[in-house]
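Everything below belongs to query_23.cif, which stores mmCIF, C-alpha atoms.
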data_upload
#
loop_
_atom_site.label_atom_id
_atom_site.label_comp_id
_atom_site.auth_asym_id
_atom_site.auth_seq_id
_atom_site.Cartn_x
_atom_site.Cartn_y
_atom_site.Cartn_z
CA MET A 10 -23.40 34.11 -11.01
CA PHE A 11 -19.63 33.87 -10.79
CA PHE A 12 -18.12 35.55 -7.79
CA PRO A 13 -14.32 35.77 -7.64
CA LEU A 14 -14.10 35.43 -3.85
CA ALA A 15 -15.16 32.48 -1.74
CA ARG A 16 -15.50 32.21 2.00
CA PHE A 17 -14.26 29.13 3.88
CA ARG A 18 -14.05 28.20 7.52
CA VAL A 19 -11.02 26.19 8.68
CA GLU A 20 -12.13 23.06 10.46
CA ASP A 21 -9.06 21.55 12.05
CA ILE A 22 -5.49 21.91 13.14
CA SER A 23 -3.12 20.88 10.39
CA MET A 24 -2.41 24.46 9.28
CA GLU A 25 -1.51 25.57 12.79
CA PRO A 26 0.09 27.86 13.81
CA THR A 27 -0.82 29.83 10.66
CA LEU A 28 -4.53 29.02 10.76
CA LYS A 29 -6.51 27.56 13.60
CA ALA A 30 -9.80 25.69 13.57
CA GLY A 31 -12.57 28.28 13.44
CA ASP A 32 -10.59 30.88 11.47
CA TYR A 33 -12.03 32.12 8.19
CA VAL A 34 -10.24 32.56 4.90
CA ILE A 35 -11.28 34.48 1.84
CA VAL A 36 -10.07 32.78 -1.30
CA ASN A 37 -9.43 34.56 -4.56
CA LYS A 38 -10.48 32.23 -7.34
CA LEU A 39 -8.81 34.40 -10.00
CA SER A 40 -5.39 34.56 -8.36
CA TYR A 41 -3.84 32.15 -10.78
CA LEU A 42 -5.52 33.40 -13.91
CA PHE A 43 -2.54 35.47 -15.00
CA LYS A 44 0.01 34.56 -12.38
CA LYS A 45 1.73 31.28 -11.68
CA PRO A 46 1.29 29.71 -8.27
CA SER A 47 4.42 29.84 -6.21
CA ARG A 48 5.93 27.97 -3.34
CA GLY A 49 4.59 29.17 0.01
CA ASP A 50 1.13 30.14 -1.26
CA ILE A 51 -1.73 28.88 0.87
CA ILE A 52 -4.40 27.42 -1.36
CA VAL A 53 -7.81 25.79 -1.06
CA PHE A 54 -8.30 22.81 -3.31
CA LYS A 55 -10.39 19.69 -3.63
CA HIS A 56 -9.06 16.44 -2.22
CA PRO A 57 -8.14 14.29 -5.24
CA ASN A 58 -10.00 11.26 -3.86
CA ASN A 59 -12.95 12.43 -1.81
CA GLY A 60 -13.69 15.91 -3.16
CA ARG A 61 -13.54 17.62 0.24
CA PHE A 62 -12.03 21.06 0.39
CA LEU A 63 -8.55 21.11 1.87
CA ILE A 64 -6.30 24.00 2.80
CA LYS A 65 -2.52 23.62 2.51
CA ARG A 66 0.64 25.42 1.58
CA ILE A 67 2.31 24.83 -1.78
CA ALA A 68 5.66 23.12 -1.20
CA GLU A 69 6.63 22.64 -4.82
CA VAL A 70 5.26 23.56 -8.23
CA LYS A 71 5.68 21.00 -11.01
CA ASP A 72 4.21 22.18 -14.35
CA SER A 73 0.48 21.77 -13.85
CA GLU A 74 0.76 19.97 -10.52
CA PHE A 75 1.62 20.98 -6.97
CA LEU A 76 2.95 19.28 -3.93
CA VAL A 77 1.17 20.61 -0.85
CA LEU A 78 1.97 20.34 2.85
CA GLY A 79 0.19 21.35 6.03
CA ASP A 80 2.09 23.72 8.31
CA ASN A 81 1.44 21.36 11.22
CA LYS A 82 3.05 18.37 9.57
CA GLU A 83 2.39 15.94 12.37
CA PHE A 84 -1.37 16.30 11.98
CA SER A 85 -1.61 16.87 8.29
CA THR A 86 -2.68 14.60 5.49
CA ASP A 87 -1.18 16.06 2.35
CA SER A 88 0.96 15.29 -0.69
CA ARG A 89 2.99 12.91 1.45
CA HIS A 90 -0.15 10.74 1.38
CA PHE A 91 -2.09 11.54 -1.77
CA GLY A 92 0.74 12.78 -4.00
CA ALA A 93 0.70 15.82 -6.24
CA ILE A 94 -2.56 17.63 -6.90
CA ASP A 95 -3.66 18.75 -10.31
CA ARG A 96 -4.08 22.47 -11.00
CA ASN A 97 -7.72 21.82 -11.98
CA LEU A 98 -8.48 20.89 -8.37
CA VAL A 99 -7.38 24.29 -7.05
CA VAL A 100 -10.18 26.61 -5.95
CA GLY A 101 -7.87 29.56 -5.39
CA LYS A 102 -5.29 31.25 -3.29
CA VAL A 103 -6.01 32.42 0.23
CA TRP A 104 -6.25 36.17 -0.14
CA LEU A 105 -7.28 37.08 3.37
CA GLN A 106 -6.92 35.25 6.67
CA VAL A 107 -9.48 36.27 9.29
CA LYS A 108 -8.42 34.96 12.64
CA GLN A 109 -10.36 34.61 15.86
CA MET B 1 -11.83 39.19 17.86
CA SER B 2 -11.62 41.50 14.85
CA ILE B 3 -14.66 43.26 13.42
CA LEU B 4 -14.20 41.33 10.17
CA TYR B 5 -14.23 38.05 12.04
CA TYR B 6 -17.42 39.11 13.79
CA VAL B 7 -19.00 40.03 10.44
CA LEU B 8 -17.99 36.68 8.94
CA LYS B 9 -19.35 34.85 11.94
CA ILE B 10 -22.72 36.53 11.49
CA ALA B 11 -22.56 35.83 7.74
CA ASP B 12 -21.84 32.21 8.64
CA LYS B 13 -25.13 32.01 10.52
CA ILE B 14 -27.04 33.40 7.56
CA ALA B 15 -25.23 31.45 4.84
CA PRO B 16 -22.69 28.99 6.27
CA ALA B 17 -19.20 29.22 4.82
CA ARG B 18 -17.92 26.11 3.12
CA LYS B 19 -15.69 24.06 5.33
CA THR B 20 -12.10 23.52 4.41
CA TYR B 21 -10.24 20.76 6.11
CA ALA B 22 -6.62 20.69 6.89
CA HIS B 23 -6.74 16.94 7.38
CA CYS B 24 -8.74 14.14 5.81
CA ASP B 25 -8.79 11.77 8.76
CA ILE B 26 -9.64 12.26 12.42
CA PRO B 27 -6.79 14.46 13.60
CA CYS B 28 -6.93 13.07 17.12
CA GLY B 29 -3.17 13.27 17.55
CA ILE B 30 -3.36 10.81 20.43
CA TYR B 31 -0.55 8.34 20.01
CA ASP B 32 1.54 6.69 22.67
CA PRO B 33 3.86 3.67 22.56
CA HIS B 34 3.08 2.86 26.19
CA LEU B 35 0.35 0.33 25.49
CA ALA B 36 2.63 -1.59 23.14
CA GLN B 37 5.22 -1.78 25.93
CA LEU B 38 2.65 -2.92 28.48
CA SER B 39 1.54 -5.66 26.11
CA ALA B 40 5.11 -6.79 25.50
CA HIS B 41 5.69 -6.96 29.26
CA THR B 42 2.50 -8.98 29.62
CA VAL B 43 3.72 -11.47 27.04
CA ILE B 44 6.95 -11.92 29.04
CA ARG B 45 4.98 -12.34 32.25
CA MET B 46 2.74 -14.99 30.70
CA VAL B 47 5.77 -16.96 29.49
CA HIS B 48 7.11 -16.79 33.06
CA LEU B 49 3.84 -18.00 34.54
CA ILE B 50 3.50 -20.84 32.04
CA SER B 51 7.09 -21.93 32.73
CA ASP B 52 6.52 -21.77 36.49
CA LEU B 53 3.45 -24.00 36.43
CA PRO B 54 4.07 -27.13 38.50
CA PRO B 55 4.28 -30.00 35.98
CA VAL B 56 1.60 -32.63 35.90
CA THR B 57 2.68 -36.22 36.37
CA PRO B 58 0.92 -39.60 36.13
CA ALA B 59 0.53 -39.25 39.88
CA SER B 60 -1.37 -35.93 39.63
CA THR B 61 -4.88 -35.94 40.98
CA PRO B 62 -7.85 -34.93 38.77
CA ALA B 63 -8.07 -31.68 40.76
CA GLN B 64 -4.39 -30.91 40.07
CA LEU B 65 -4.84 -31.73 36.36
CA GLN B 66 -7.85 -29.47 36.17
CA GLU B 67 -6.01 -26.63 37.86
CA TYR B 68 -3.03 -27.05 35.54
CA HIS B 69 -5.11 -27.00 32.38
CA ASN B 70 -7.20 -24.10 33.58
CA LYS B 71 -4.17 -21.96 34.44
CA TYR B 72 -2.26 -22.96 31.31
CA THR B 73 -5.20 -22.06 29.11
CA ARG B 74 -5.67 -18.70 30.79
CA TYR B 75 -1.98 -17.77 30.54
CA ALA B 76 -1.75 -18.86 26.92
CA GLN B 77 -4.89 -16.94 26.07
CA VAL B 78 -3.60 -13.72 27.65
CA LYS B 79 -0.23 -14.20 25.93
CA GLU B 80 -2.02 -14.55 22.61
CA GLN B 81 -4.22 -11.49 23.20
CA HIS B 82 -1.42 -9.23 24.34
CA ALA B 83 0.95 -10.21 21.55
CA GLU B 84 -1.85 -9.32 19.13
CA LEU B 85 -2.58 -6.07 21.00
CA CYS B 86 1.09 -5.20 20.78
CA LYS B 87 1.05 -5.78 17.02
CA HIS B 88 -2.08 -3.66 16.73
CA GLU B 89 -0.52 -0.74 18.63
CA ILE B 90 2.67 -0.89 16.59
CA ARG B 91 0.64 -0.94 13.37
CA ILE B 92 -1.16 2.22 14.47
CA LEU B 93 2.09 4.01 15.25
CA TRP B 94 3.67 2.84 12.04
CA GLY B 95 0.70 3.41 9.77
CA ASP B 96 -0.89 6.51 11.28
CA TYR B 97 1.72 8.34 13.30
CA PHE B 98 5.11 7.86 11.68
CA LYS B 99 5.69 9.90 8.55
CA PRO B 100 8.30 9.49 5.78
CA GLU B 101 10.51 12.16 7.36
CA HIS B 102 10.59 10.13 10.59
CA ALA B 103 11.74 7.05 8.69
CA GLN B 104 14.33 9.17 6.94
CA LYS B 105 15.66 10.47 10.24
CA PHE B 106 15.51 7.04 11.87
CA PRO B 107 16.31 4.59 9.06
CA GLN B 108 16.10 1.64 11.45
CA LEU B 109 12.39 2.27 12.04
CA HIS B 110 10.95 -0.02 9.36
CA ASP B 111 13.28 -2.85 10.37
CA LEU B 112 12.32 -2.44 14.04
CA VAL B 113 8.62 -2.62 13.18
CA TRP B 114 9.25 -5.72 11.10
CA LYS B 115 11.25 -7.31 13.95
CA ALA B 116 8.52 -6.50 16.47
CA MET B 117 5.87 -8.06 14.22
CA LYS B 118 7.89 -11.22 13.70
CA ALA B 119 8.76 -11.53 17.39
CA ALA B 120 5.12 -11.04 18.40
CA SER B 121 4.01 -13.75 16.00
CA LYS B 122 6.65 -16.13 17.32
CA ALA B 123 5.66 -15.28 20.89
CA LYS B 124 2.11 -16.28 19.98
CA GLN B 125 3.07 -19.51 18.24
CA GLU B 126 5.40 -20.74 20.98
CA VAL B 127 6.11 -20.43 24.68
CA ASN B 128 9.34 -18.71 23.83
CA MET B 129 11.09 -16.33 26.21
CA GLN B 130 13.58 -15.20 23.56
CA ALA B 131 10.76 -14.13 21.24
CA ALA B 132 9.09 -12.25 24.10
CA GLU B 133 12.38 -10.52 24.93
CA ASP B 134 12.94 -9.64 21.27
CA LEU B 135 9.45 -8.16 21.12
CA LEU B 136 10.05 -5.95 24.15
CA LYS B 137 13.44 -4.84 22.84
CA ALA B 138 12.02 -3.77 19.48
CA VAL B 139 9.03 -2.05 21.10
CA GLU B 140 11.26 -0.10 23.48
CA GLU B 141 13.40 1.11 20.62
CA ILE B 142 10.27 2.14 18.70
CA ALA B 143 9.09 3.99 21.83
CA GLU B 144 12.37 5.88 22.04
CA ILE B 145 12.13 6.88 18.38
CA PHE B 146 8.51 7.92 18.88
CA TRP B 147 9.40 10.36 21.66
CA LYS B 148 12.45 11.62 19.78
CA THR B 149 10.19 12.63 16.88
CA LYS B 150 8.36 14.81 19.40
CA ASN B 151 11.62 16.20 20.78
CA VAL B 152 10.80 14.64 24.12
CA GLU B 153 13.61 13.10 26.11
CA THR B 154 13.08 9.58 27.38
CA VAL B 155 14.21 7.62 30.35
CA ARG B 156 14.73 3.87 30.23
CA THR B 157 14.22 2.50 33.68
CA LYS B 158 13.45 -0.77 35.41
CA SER B 159 9.70 -1.25 35.48
CA PHE B 160 7.76 -1.98 38.63
CA TYR B 161 6.16 -4.99 36.94
CA PRO B 162 6.93 -8.57 37.97
CA THR B 163 8.78 -8.94 34.65
CA GLU B 164 11.55 -6.76 36.14
CA ARG B 165 12.41 -5.63 32.63
CA GLU B 166 12.98 -2.07 31.51
CA ILE B 167 10.41 0.36 30.22
CA VAL B 168 10.73 3.62 28.30
CA TYR B 169 8.97 6.69 29.65
CA PRO B 170 8.87 10.24 28.34
CA LYS B 171 10.86 12.47 30.67
CA VAL B 172 8.45 14.81 32.44
CA LYS B 173 10.07 18.09 33.44
#
Would you put the structure from the file into structure tokens?
Amino acid sequence: MFFPLARFRVEDISMEPTLKAGDYVIVNKLSYLFKKPSRGDIIVFKHPNNGRFLIKRIAEVKDSEFLVLGDNKEFSTDSRHFGAIDRNLVVGKVWLQVKQ
Amino acid sequence: MSILYYVLKIADKIAPARKTYAHCDIPCGIYDPHLAQLSAHTVIRMVHLISDLPPVTPASTPAQLQEYHNKYTRYAQVKEQHAELCKHEIRILWGDYFKPEHAQKFPQLHDLVWKAMKAASKAKQEVNMQAAEDLLKAVEEIAEIFWKTKNVETVRTKSFYPTEREIVYPKVK
């Protein structure tokens, strides 16, 4: 059964100070059904190489691709390493941040 | 802790939430150019010790020859190991720590890494004080850039090592 919201737990520090390890996020999988993603959105997507879920902020939107960056750039592996991510890899936009 | 967080935590125990990573490698964040500097100082020290060995002559006794070869081998071995360790530490900083924006801000970074690598290799191949000095110089400059990327001031001061060369420390307030 399709459910439009998904629950994720943040595992590490590269989105600090916005999100810390242990925080929860509720992701809306339908956010981008009728609306274009925009710069600054925090999204959950699948890593283009290993399929793990990653959480980052959109830094740039290029047609059907995005460049993403972690807020804590020093400890983030993001588009600076794996390049742009395809829209198909996006799970959804973070709709609710539930902090500790 | 908010009520919603508490609810999600309980929900997590019943049906664990999927994990989302902010990083795809170990985010240990533990980097320090100090070990590279120590290694570069060690290389200088070993070149000193090798150069200071009393030369063997046709008149040297078997015991003196044995001592010379034993010491020379040990010094050369440590020089080799520490030049390699220095290269290893620089590779970690360069490959894992430094990011494109650091190289943009400090355009000399790539060249310094290249110089350090070349100097370390030369210091391994030869008993060459200039190569050892070049290695330390490049490593110190890399150390200064490293701390600048963290907005930490540095102090370049004479070390307390027998090399009597300088070392770069982060300034502790």
Please evaluate the PyMOL selection byres ((chain A and resi 35) around 6) against the displayed coordinates and give the resulting residues as an mmCIF file with C-alpha atoms, in the coordinates of the input.
data_model
loop_
_atom_site.group_PDB
_atom_site.id
_atom_site.type_symbol
_atom_site.label_atom_id
_atom_site.label_comp_id
_atom_site.auth_asym_id
_atom_site.auth_seq_id
_atom_site.Cartn_x
_atom_site.Cartn_y
_atom_site.Cartn_z
ATOM 1 C CA ALA A 15 -15.160 32.480 -1.740
ATOM 2 C CA ARG A 16 -15.500 32.210 2.000
ATOM 3 C CA VAL A 34 -10.240 32.560 4.900
ATOM 4 C CA VAL A 36 -10.070 32.780 -1.300
ATOM 5 C CA VAL A 103 -6.010 32.420 0.230
ATOM 6 C CA TRP A 104 -6.250 36.170 -0.140
ATOM 7 C CA LEU A 105 -7.280 37.080 3.370
#
Give me, as a list in words, all polymer residues having an atom no more than 8 Å from Arg156 (chain B), counting only C-alpha atoms and skipping those fewer than 2 positions away in the same chain. Thr154, Lys158, Glu166, Ile167, Val168 and Tyr169 of chain B
Rank B:Ile50, B:Ile30, B:Ile14, B:Ile3 by their smallest atom-to-atom distance to Glu83 (chain A), using only C-alpha atoms, and report the top residue only. B:Ile30
Show me the residues close to (-2.1, 21.2, 14.3) - anything with an atom within 9 Å, counting all atoms listed in the file - and format the list as a PDB file with C-alpha atoms, keeping the file's coordinate frame.
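Resulting contents of result.pdb:
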ATOM      1  CA  ASP A  21      -9.060  21.550  12.050  1.00  0.00           C
ATOM      2  CA  ILE A  22      -5.490  21.910  13.140  1.00  0.00           C
ATOM      3  CA  SER A  23      -3.120  20.880  10.390  1.00  0.00           C
ATOM      4  CA  MET A  24      -2.410  24.460   9.280  1.00  0.00           C
ATOM      5  CA  GLU A  25      -1.510  25.570  12.790  1.00  0.00           C
ATOM      6  CA  PRO A  26       0.090  27.860  13.810  1.00  0.00           C
ATOM      7  CA  LEU A  28      -4.530  29.020  10.760  1.00  0.00           C
ATOM      8  CA  LYS A  29      -6.510  27.560  13.600  1.00  0.00           C
ATOM      9  CA  ALA A  30      -9.800  25.690  13.570  1.00  0.00           C
ATOM     10  CA  GLY A  79       0.190  21.350   6.030  1.00  0.00           C
ATOM     11  CA  ASP A  80       2.090  23.720   8.310  1.00  0.00           C
ATOM     12  CA  ASN A  81       1.440  21.360  11.220  1.00  0.00           C
ATOM     13  CA  LYS A  82       3.050  18.370   9.570  1.00  0.00           C
ATOM     14  CA  GLU A  83       2.390  15.940  12.370  1.00  0.00           C
ATOM     15  CA  PHE A  84      -1.370  16.300  11.980  1.00  0.00           C
ATOM     16  CA  SER A  85      -1.610  16.870   8.290  1.00  0.00           C
TER      17      SER A  85
ATOM     18  CA  ALA B  22      -6.620  20.690   6.890  1.00  0.00           C
ATOM     19  CA  PRO B  27      -6.790  14.460  13.600  1.00  0.00           C
ATOM     20  CA  GLY B  29      -3.170  13.270  17.550  1.00  0.00           C
TER      21      GLY B  29
END
Test item: which residues lie within 8 Å of (-0.5, 20.0, 2.0) counting all atoms listed in the file, as a PDB file with C-alpha atoms, in the coordinates of the input:
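Listed below is the output, part28.pdb:
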ATOM      1  CA  ILE A  64      -6.300  24.000   2.800  1.00  0.00           C
ATOM      2  CA  LYS A  65      -2.520  23.620   2.510  1.00  0.00           C
ATOM      3  CA  ARG A  66       0.640  25.420   1.580  1.00  0.00           C
ATOM      4  CA  ILE A  67       2.310  24.830  -1.780  1.00  0.00           C
ATOM      5  CA  ALA A  68       5.660  23.120  -1.200  1.00  0.00           C
ATOM      6  CA  LEU A  76       2.950  19.280  -3.930  1.00  0.00           C
ATOM      7  CA  VAL A  77       1.170  20.610  -0.850  1.00  0.00           C
ATOM      8  CA  LEU A  78       1.970  20.340   2.850  1.00  0.00           C
ATOM      9  CA  GLY A  79       0.190  21.350   6.030  1.00  0.00           C
ATOM     10  CA  ASP A  80       2.090  23.720   8.310  1.00  0.00           C
ATOM     11  CA  SER A  85      -1.610  16.870   8.290  1.00  0.00           C
ATOM     12  CA  THR A  86      -2.680  14.600   5.490  1.00  0.00           C
ATOM     13  CA  ASP A  87      -1.180  16.060   2.350  1.00  0.00           C
ATOM     14  CA  SER A  88       0.960  15.290  -0.690  1.00  0.00           C
ATOM     15  CA  ARG A  89       2.990  12.910   1.450  1.00  0.00           C
TER      16      ARG A  89
ATOM     17  CA  ALA B  22      -6.620  20.690   6.890  1.00  0.00           C
TER      18      ALA B  22
END
Take the PyMOL selection byres ((chain B and resi 18) around 10), run it mentally on this structure, and tell me the resulting residues as number ranges by chain. A: 15-20, 33, 61-62; B: 12, 15-17, 19-21
Select, from A:Ile94, A:Leu14, A:Ile52, A:Val100, the residue with the minimum atom-to-atom distance to Ser73 (chain A), counting all atoms listed in the file.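 Smallest distance to Ser73 (chain A) is found for A:Ile94.
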Considering all atoms listed in the file, state which residue in the set B:Ile142, B:Tyr75, B:Gln130, B:His88 is at the smallest distance from Ala103 (chain B).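 For Ala103 (chain B), the nearest of the candidates is B:Ile142.
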Around region 35-54 of chain A, with edges along x, y and z and 6 Å added on all six sides, what centre and edge lengths do you get, in Å to one decimal, as JSON?
{"center_x": -2.7, "center_y": 29.1, "center_z": -6.6, "size_x": 29.2, "size_y": 24.7, "size_z": 28.8}
Interatomic distance between CA of Pro170 (chain B) and CA of Phe106 (chain B)?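 Pair CA of Pro170 (chain B) / CA of Phe106 (chain B) returns 18.0 Å.
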